[in-house]
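Here is the structure we will look at.
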Amino acid sequence: MPQKPNHEKPKDEAPKSFRAPRGMHDLLPAEQPYWERIEAAMRSAARFYNFQRIEPSLLEFADLFRRTVGAGTDLVEKEMYSLKTKGGDVLALRPEFTAGIARAYLEHNLSRMGQPQKLWHFGPVFRHDRPQLGRFREFTQTGFDVIGGVNDAVYDAQVLLIAMGILEDLKIKDVSLKINSIGCRVCRPIYKKQLQTYYRSRAKQLCAECVERLETNPLRLLDCKDPECRELKKKAPNFLDKLCVTCSKHFREVLECLDELGISYALDNTLVRGLDYYNKTVFEVFAEGAGSDVGAILAGGRYDYLMEFIGGHLTPAVGASFGAERLIAVMKAREIPVPAKSVRRVFVAHAGDSAKKKALKLIKELTNAGIPVSESLAKDSLRAQLKSADKENASTALILGQKEIYEASVIIRDMRTGLQESVKMERIVEEIKKRARLN
RNA sequence: GUGUCUAUAGCUUAGUGGCAAAGCUCCGCUCUGUGGAAGCGGCUACGAGGGUUCGAUUCCCUCUAGACACCCCA
């Protein structure tokens, strides 16, 4: 005796509803226009400025980040998603792109592919941080790097030029560029000492955190938000006055390039950046006004020593990354419209069961001819099908019924005017293409 | 990681210590050879767990998630 199929849920299986883990997010269809817009802007800029895409591995040895980003940084200390493989390696989901790009550059000898290498990237990075506005645990960075060749200030400026061009392309106006130089291994230690000397004599007025920072990372004293620390900062030695000749010249050239390009900027000697690998030029871009609460939308700088940290030669390098979610947040806050890419499709409808299979075949033929199609074949009512066609904003509907099959024809209906005519099946592709040209 | 606030349907929002509402969306029907309208109907929710209570979506606790601020950062 045949058993009835049982379609009921097994009772002992408790329903469990899953959610995306904290800070992770789904890029739903409604969001896609923003993403396509940003990626298009990046691709376009990359094409004009001759940057090639690079996508380093999502997982790296955790040590790579410890060595480059820095062992003392929050990014490495608190925010890395690390895991141990069955073989015992400690890997980490990349918390940023630069280290991986540098590793790939070395590993694959990209310096032999021409210098400098101009590279761009677009992809997810992960930081185990508490989510808030403009901050997620999984987010997307996209940016440009120039690696190798001559250490020339023009590349610092070019990276900024391209980035500002992207913002312009995205119609994000009213942004501020903050820029600073944090010197090199010659002048930075000297400056650090001067800074320490200055603050040590005034240690009693510092906040508790800054007392600690005074020994570990004195540069960070400059961006403490404590009112008393801020007051002290005003009279602290300014790095820009203490840069060595090389760094000073480099920075001056960067600024001259920016002047030449008409890019406005604000010097900000409190801008020190949290990552160890930066030297000389560092910068951040913020949205002013609506959207300013998401934080920096672009950040970057020069990282000439990074290759040395991971076993390579001293290699000039400069780069910058956008936080794509932050760009989108700014665009939303400012109600910057993004065009939803609407493909006007040809809708295939059927009337009657035997026509359904023929309709399916017709869809295949149209698709093969490069015509975007849609359908609602599971609906039997022609009315309901045309309703779908209308909702999808289809340009044309093709209607196939008993009569048409018998005549080897198909009804072609202009969805805008409602005019329709019967066309021989073998001419249908040609007819649709003709109409597409006329529109 | 710390703090504050929040959690009702796909979305926006009502509401109550005692049957949980509405608008929009979605699906269907009126209407299986012709869309845009209208009418009717339907699906779908009190984030999870525990406590107090005769009874909790409502009050309390814990957790989870979200928003915002701090830390930090794209």
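By convention here, the chains of the structure tokens are called A, B, ... in the order presented, each chain's residues are numbered starting at 1, and ligands are numbered starting at 1 in the order presented.
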Check every residue of chain B for an atom within 6 Å of chain A, counting only C-alpha atoms (C1' of nucleotides), and provide those that qualify as an mmCIF file with N, CA and C atoms (P, O5', C5', C4', C3', O3' and C1' of nucleotides), in the first residue's frame.
data_model
loop_
_atom_site.group_PDB
_atom_site.id
_atom_site.type_symbol
_atom_site.label_atom_id
_atom_site.label_comp_id
_atom_site.auth_asym_id
_atom_site.auth_seq_id
_atom_site.Cartn_x
_atom_site.Cartn_y
_atom_site.Cartn_z
ATOM 1 P P U B 32 -10.768 34.357 -14.729
ATOM 2 O "O5'" U B 32 -10.324 34.026 -16.203
ATOM 3 C "C5'" U B 32 -9.218 34.680 -16.789
ATOM 4 C "C4'" U B 32 -8.516 33.679 -17.658
ATOM 5 C "C3'" U B 32 -9.464 32.879 -18.553
ATOM 6 O "O3'" U B 32 -8.829 32.653 -19.793
ATOM 7 C "C1'" U B 32 -8.196 31.417 -17.223
ATOM 8 P P G B 35 -6.901 43.471 -18.893
ATOM 9 O "O5'" G B 35 -5.609 44.011 -18.133
ATOM 10 C "C5'" G B 35 -4.971 43.183 -17.175
ATOM 11 C "C4'" G B 35 -3.808 43.921 -16.605
ATOM 12 C "C3'" G B 35 -4.118 45.359 -16.220
ATOM 13 O "O3'" G B 35 -4.651 45.384 -14.922
ATOM 14 C "C1'" G B 35 -2.106 45.274 -17.471
ATOM 15 P P A B 74 41.198 53.372 9.996
ATOM 16 O "O5'" A B 74 39.966 53.349 8.997
ATOM 17 C "C5'" A B 74 40.169 53.720 7.651
ATOM 18 C "C4'" A B 74 38.833 53.974 7.026
ATOM 19 C "C3'" A B 74 37.953 54.884 7.847
ATOM 20 O "O3'" A B 74 38.230 56.224 7.569
ATOM 21 C "C1'" A B 74 36.739 52.961 7.204
#
Identify, on the basis of only C-alpha atoms (C1' of nucleotides), every residue whose closest approach to Val330 of chain A does not exceed 8 Å; exclude the query and any residue fewer than 5 positions from it along the same chain; express the result as a PyMOL selection string. chain A and resi 172+287+290-292+294
Would you write out those residues with C-alpha atoms, as an mmCIF file, in the first residue's frame?
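Once everything was written out, this is again_17.cif:
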data_model
loop_
_atom_site.group_PDB
_atom_site.id
_atom_site.type_symbol
_atom_site.label_atom_id
_atom_site.label_comp_id
_atom_site.auth_asym_id
_atom_site.auth_seq_id
_atom_site.Cartn_x
_atom_site.Cartn_y
_atom_site.Cartn_z
ATOM 1 C CA ILE A 172 29.369 63.865 -2.341
ATOM 2 C CA ALA A 287 31.858 64.631 5.290
ATOM 3 C CA ALA A 290 24.814 65.869 6.866
ATOM 4 C CA GLY A 291 26.594 62.546 7.205
ATOM 5 C CA SER A 292 29.469 63.896 9.280
ATOM 6 C CA VAL A 294 29.796 58.477 10.349
#
Excluding segment 38-44 of chain B and any residue of its chain fewer than 3 positions from it, enumerate the residues within 10 Å of it, using only C-alpha atoms (C1' of nucleotides), and give them as a ChimeraX atom specification. /B:9-10,26-30
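Using only C-alpha atoms (C1' of nucleotides), the protein and nucleic acid residues lying no more than 10 Å from Ala99 of chain A, apart from those fewer than 2 places from it along its own chain, are A:Pro56, A:Glu60, A:Leu64, A:Phe65, A:Arg66, A:Arg67, A:Thr68, A:Val69, A:Arg94, A:Pro95, A:Glu96, A:Phe97, A:Ile101, A:Ala102, A:Arg103, A:Ala104, A:Tyr105, A:Tyr277, A:Leu306, A:Met307, A:Phe309, A:Ile310.
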The selected residues should be written to file as a PDB file, in the first residue's frame (atoms: N, CA and C atoms).
ATOM      1  N   PRO A  56      43.689  40.690  -2.428  1.00  0.00           N
ATOM      2  CA  PRO A  56      44.470  39.758  -1.613  1.00  0.00           C
ATOM      3  C   PRO A  56      43.547  38.821  -0.844  1.00  0.00           C
ATOM      4  N   GLU A  60      44.709  35.769   6.309  1.00  0.00           N
ATOM      5  CA  GLU A  60      46.168  35.869   6.302  1.00  0.00           C
ATOM      6  C   GLU A  60      46.670  35.295   7.621  1.00  0.00           C
ATOM      7  N   LEU A  64      50.990  38.567  10.189  1.00  0.00           N
ATOM      8  CA  LEU A  64      51.184  39.591   9.161  1.00  0.00           C
ATOM      9  C   LEU A  64      50.673  40.937   9.679  1.00  0.00           C
ATOM     10  N   PHE A  65      49.506  40.904  10.301  1.00  0.00           N
ATOM     11  CA  PHE A  65      48.912  42.154  10.774  1.00  0.00           C
ATOM     12  C   PHE A  65      49.620  42.658  12.033  1.00  0.00           C
ATOM     13  N   ARG A  66      50.083  41.710  12.840  1.00  0.00           N
ATOM     14  CA  ARG A  66      50.801  42.098  14.057  1.00  0.00           C
ATOM     15  C   ARG A  66      52.077  42.856  13.680  1.00  0.00           C
ATOM     16  N   ARG A  67      52.746  42.346  12.632  1.00  0.00           N
ATOM     17  CA  ARG A  67      54.006  42.949  12.227  1.00  0.00           C
ATOM     18  C   ARG A  67      53.848  44.277  11.512  1.00  0.00           C
ATOM     19  N   THR A  68      52.732  44.453  10.832  1.00  0.00           N
ATOM     20  CA  THR A  68      52.586  45.646   9.992  1.00  0.00           C
ATOM     21  C   THR A  68      51.707  46.704  10.652  1.00  0.00           C
ATOM     22  N   VAL A  69      50.500  46.309  10.969  1.00  0.00           N
ATOM     23  CA  VAL A  69      49.583  47.263  11.596  1.00  0.00           C
ATOM     24  C   VAL A  69      50.110  47.651  12.971  1.00  0.00           C
ATOM     25  N   ARG A  94      41.095  39.452   7.346  1.00  0.00           N
ATOM     26  CA  ARG A  94      41.819  40.711   7.217  1.00  0.00           C
ATOM     27  C   ARG A  94      41.035  41.861   7.862  1.00  0.00           C
ATOM     28  N   PRO A  95      41.693  42.646   8.717  1.00  0.00           N
ATOM     29  CA  PRO A  95      41.038  43.815   9.290  1.00  0.00           C
ATOM     30  C   PRO A  95      41.269  45.056   8.427  1.00  0.00           C
ATOM     31  N   GLU A  96      42.070  44.922   7.381  1.00  0.00           N
ATOM     32  CA  GLU A  96      42.351  46.029   6.478  1.00  0.00           C
ATOM     33  C   GLU A  96      43.062  45.441   5.268  1.00  0.00           C
ATOM     34  N   PHE A  97      43.255  46.249   4.246  1.00  0.00           N
ATOM     35  CA  PHE A  97      43.780  45.734   2.987  1.00  0.00           C
ATOM     36  C   PHE A  97      45.290  45.856   2.829  1.00  0.00           C
ATOM     37  N   ILE A 101      47.881  43.421   0.645  1.00  0.00           N
ATOM     38  CA  ILE A 101      48.346  43.866  -0.664  1.00  0.00           C
ATOM     39  C   ILE A 101      49.871  43.865  -0.700  1.00  0.00           C
ATOM     40  N   ALA A 102      50.475  44.342   0.379  1.00  0.00           N
ATOM     41  CA  ALA A 102      51.938  44.367   0.451  1.00  0.00           C
ATOM     42  C   ALA A 102      52.499  42.948   0.406  1.00  0.00           C
ATOM     43  N   ARG A 103      51.856  42.057   1.143  1.00  0.00           N
ATOM     44  CA  ARG A 103      52.303  40.659   1.151  1.00  0.00           C
ATOM     45  C   ARG A 103      52.218  40.057  -0.247  1.00  0.00           C
ATOM     46  N   ALA A 104      51.122  40.306  -0.919  1.00  0.00           N
ATOM     47  CA  ALA A 104      50.957  39.775  -2.268  1.00  0.00           C
ATOM     48  C   ALA A 104      51.988  40.393  -3.223  1.00  0.00           C
ATOM     49  N   TYR A 105      52.254  41.660  -3.037  1.00  0.00           N
ATOM     50  CA  TYR A 105      53.229  42.368  -3.868  1.00  0.00           C
ATOM     51  C   TYR A 105      54.599  41.704  -3.760  1.00  0.00           C
ATOM     52  N   TYR A 277      52.337  51.334  10.422  1.00  0.00           N
ATOM     53  CA  TYR A 277      53.149  51.343   9.208  1.00  0.00           C
ATOM     54  C   TYR A 277      53.209  52.687   8.493  1.00  0.00           C
ATOM     55  N   LEU A 306      56.636  49.489   5.241  1.00  0.00           N
ATOM     56  CA  LEU A 306      55.833  48.275   5.415  1.00  0.00           C
ATOM     57  C   LEU A 306      56.500  47.036   4.819  1.00  0.00           C
ATOM     58  N   MET A 307      57.080  47.167   3.634  1.00  0.00           N
ATOM     59  CA  MET A 307      57.707  46.009   2.992  1.00  0.00           C
ATOM     60  C   MET A 307      58.860  45.477   3.838  1.00  0.00           C
ATOM     61  N   PHE A 309      59.012  45.541   7.042  1.00  0.00           N
ATOM     62  CA  PHE A 309      58.438  44.828   8.194  1.00  0.00           C
ATOM     63  C   PHE A 309      58.167  43.372   7.858  1.00  0.00           C
ATOM     64  N   ILE A 310      57.955  43.076   6.590  1.00  0.00           N
ATOM     65  CA  ILE A 310      57.592  41.698   6.232  1.00  0.00           C
ATOM     66  C   ILE A 310      58.648  41.062   5.338  1.00  0.00           C
TER      67      ILE A 310
END
Just want the 7 Å neighbourhood of segment 54-70 of chain B, counted on only C-alpha atoms (C1' of nucleotides), with same-chain residues fewer than 6 positions away dropped. Output as a list in words.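 Using only C-alpha atoms (C1' of nucleotides), the neighbours found are U16, G17, G18, C46 and A48 of chain B.
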Would you list the contacts of segment 201-211 of chain A as a ChimeraX atom specification, taking every protein, DNA or RNA residue within 12 Å and counting only C-alpha atoms (C1' of nucleotides), but skipping same-chain residues closer than 6 positions in sequence? /A:194-195,217-233,235-236 /B:71
Store the residues of this selection in a file with C-alpha atoms (C1' of nucleotides), as an mmCIF file, in the first residue's frame.
data_model
loop_
_atom_site.group_PDB
_atom_site.id
_atom_site.type_symbol
_atom_site.label_atom_id
_atom_site.label_comp_id
_atom_site.auth_asym_id
_atom_site.auth_seq_id
_atom_site.Cartn_x
_atom_site.Cartn_y
_atom_site.Cartn_z
ATOM 1 C CA GLN A 194 60.705 66.406 22.493
ATOM 2 C CA LEU A 195 57.048 65.680 22.960
ATOM 3 C CA ASN A 217 52.709 56.070 22.113
ATOM 4 C CA PRO A 218 53.368 59.752 22.790
ATOM 5 C CA LEU A 219 52.047 60.845 19.407
ATOM 6 C CA ARG A 220 48.584 59.850 20.486
ATOM 7 C CA LEU A 221 48.627 62.461 23.229
ATOM 8 C CA LEU A 222 47.897 64.930 20.490
ATOM 9 C CA ASP A 223 44.447 63.641 19.742
ATOM 10 C CA CYS A 224 43.203 63.149 23.301
ATOM 11 C CA LYS A 225 39.817 64.756 23.778
ATOM 12 C CA ASP A 226 40.210 65.495 27.472
ATOM 13 C CA PRO A 227 39.857 69.283 27.930
ATOM 14 C CA GLU A 228 43.008 69.639 30.016
ATOM 15 C CA CYS A 229 45.073 67.580 27.611
ATOM 16 C CA ARG A 230 43.758 69.702 24.787
ATOM 17 C CA GLU A 231 44.834 72.820 26.565
ATOM 18 C CA LEU A 232 48.350 71.442 26.988
ATOM 19 C CA LYS A 233 48.454 70.464 23.365
ATOM 20 C CA LYS A 235 51.755 74.750 23.392
ATOM 21 C CA ALA A 236 53.205 71.355 22.566
ATOM 22 C "C1'" C B 71 37.094 53.879 23.348
#
Can you measure atom CA of Asn180 of chain A to atom CA of Asp241 of chain A for me? One decimal in Å is fine.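 These atoms are spaced 11.7 Å apart.
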Run DSSP on the backbone and grab whatever in segment 71-206 of chain A lands in strand (DSSP E or B); send it over as a ChimeraX atom specification. /A:82-84,90-93,117-126,132,135,138-147,175-181
Can you list, as a PyMOL selection string, all residues belonging to segment 86-185 of chain A that DSSP tags as helix (DSSP H, G or I)? chain A and resi 98-107+110-113+153-169
Can I get the selected residues back with C-alpha atoms, as a PDB file, in the first residue's frame?
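Saved the output as out35.pdb:
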ATOM      1  CA  THR A  98      47.220  47.264   3.029  1.00  0.00           C
ATOM      2  CA  ALA A  99      49.100  44.453   4.725  1.00  0.00           C
ATOM      3  CA  GLY A 100      47.649  41.820   2.428  1.00  0.00           C
ATOM      4  CA  ILE A 101      48.346  43.866  -0.664  1.00  0.00           C
ATOM      5  CA  ALA A 102      51.938  44.367   0.451  1.00  0.00           C
ATOM      6  CA  ARG A 103      52.303  40.659   1.151  1.00  0.00           C
ATOM      7  CA  ALA A 104      50.957  39.775  -2.268  1.00  0.00           C
ATOM      8  CA  TYR A 105      53.229  42.368  -3.868  1.00  0.00           C
ATOM      9  CA  LEU A 106      56.251  40.713  -2.291  1.00  0.00           C
ATOM     10  CA  GLU A 107      55.138  37.132  -2.692  1.00  0.00           C
ATOM     11  CA  LEU A 110      54.929  42.462  -8.559  1.00  0.00           C
ATOM     12  CA  SER A 111      57.854  44.874  -8.643  1.00  0.00           C
ATOM     13  CA  ARG A 112      58.986  42.919 -11.718  1.00  0.00           C
ATOM     14  CA  MET A 113      55.726  43.760 -13.446  1.00  0.00           C
ATOM     15  CA  ALA A 153      55.234  63.273  -3.569  1.00  0.00           C
ATOM     16  CA  VAL A 154      53.266  63.287  -6.801  1.00  0.00           C
ATOM     17  CA  TYR A 155      51.871  59.878  -5.904  1.00  0.00           C
ATOM     18  CA  ASP A 156      50.623  61.052  -2.522  1.00  0.00           C
ATOM     19  CA  ALA A 157      48.821  63.767  -4.422  1.00  0.00           C
ATOM     20  CA  GLN A 158      47.615  61.464  -7.152  1.00  0.00           C
ATOM     21  CA  VAL A 159      46.029  59.057  -4.707  1.00  0.00           C
ATOM     22  CA  LEU A 160      44.228  61.997  -3.122  1.00  0.00           C
ATOM     23  CA  LEU A 161      43.252  63.394  -6.478  1.00  0.00           C
ATOM     24  CA  ILE A 162      41.650  60.126  -7.491  1.00  0.00           C
ATOM     25  CA  ALA A 163      39.882  59.750  -4.170  1.00  0.00           C
ATOM     26  CA  MET A 164      38.487  63.279  -4.329  1.00  0.00           C
ATOM     27  CA  GLY A 165      37.421  62.548  -7.904  1.00  0.00           C
ATOM     28  CA  ILE A 166      35.463  59.525  -6.690  1.00  0.00           C
ATOM     29  CA  LEU A 167      33.631  61.698  -4.180  1.00  0.00           C
ATOM     30  CA  GLU A 168      32.852  64.184  -6.908  1.00  0.00           C
ATOM     31  CA  ASP A 169      31.616  61.390  -9.136  1.00  0.00           C
TER      32      ASP A 169
END
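Residues with any atom within 7 Å of Ile182 of chain A, counting only C-alpha atoms (C1' of nucleotides) and excluding same-chain neighbours fewer than 3 positions away, are Arg188, Val272, Asn279, Lys280 and Thr281 of chain A.
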Closest of A:Pro337, A:Pro316, A:Gly70, A:Pro29 to Gln115 of chain A - atom-to-atom distances counting only C-alpha atoms: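 Looking only at the distances to Gln115 of chain A, the closest residue turns out to be A:Pro316.
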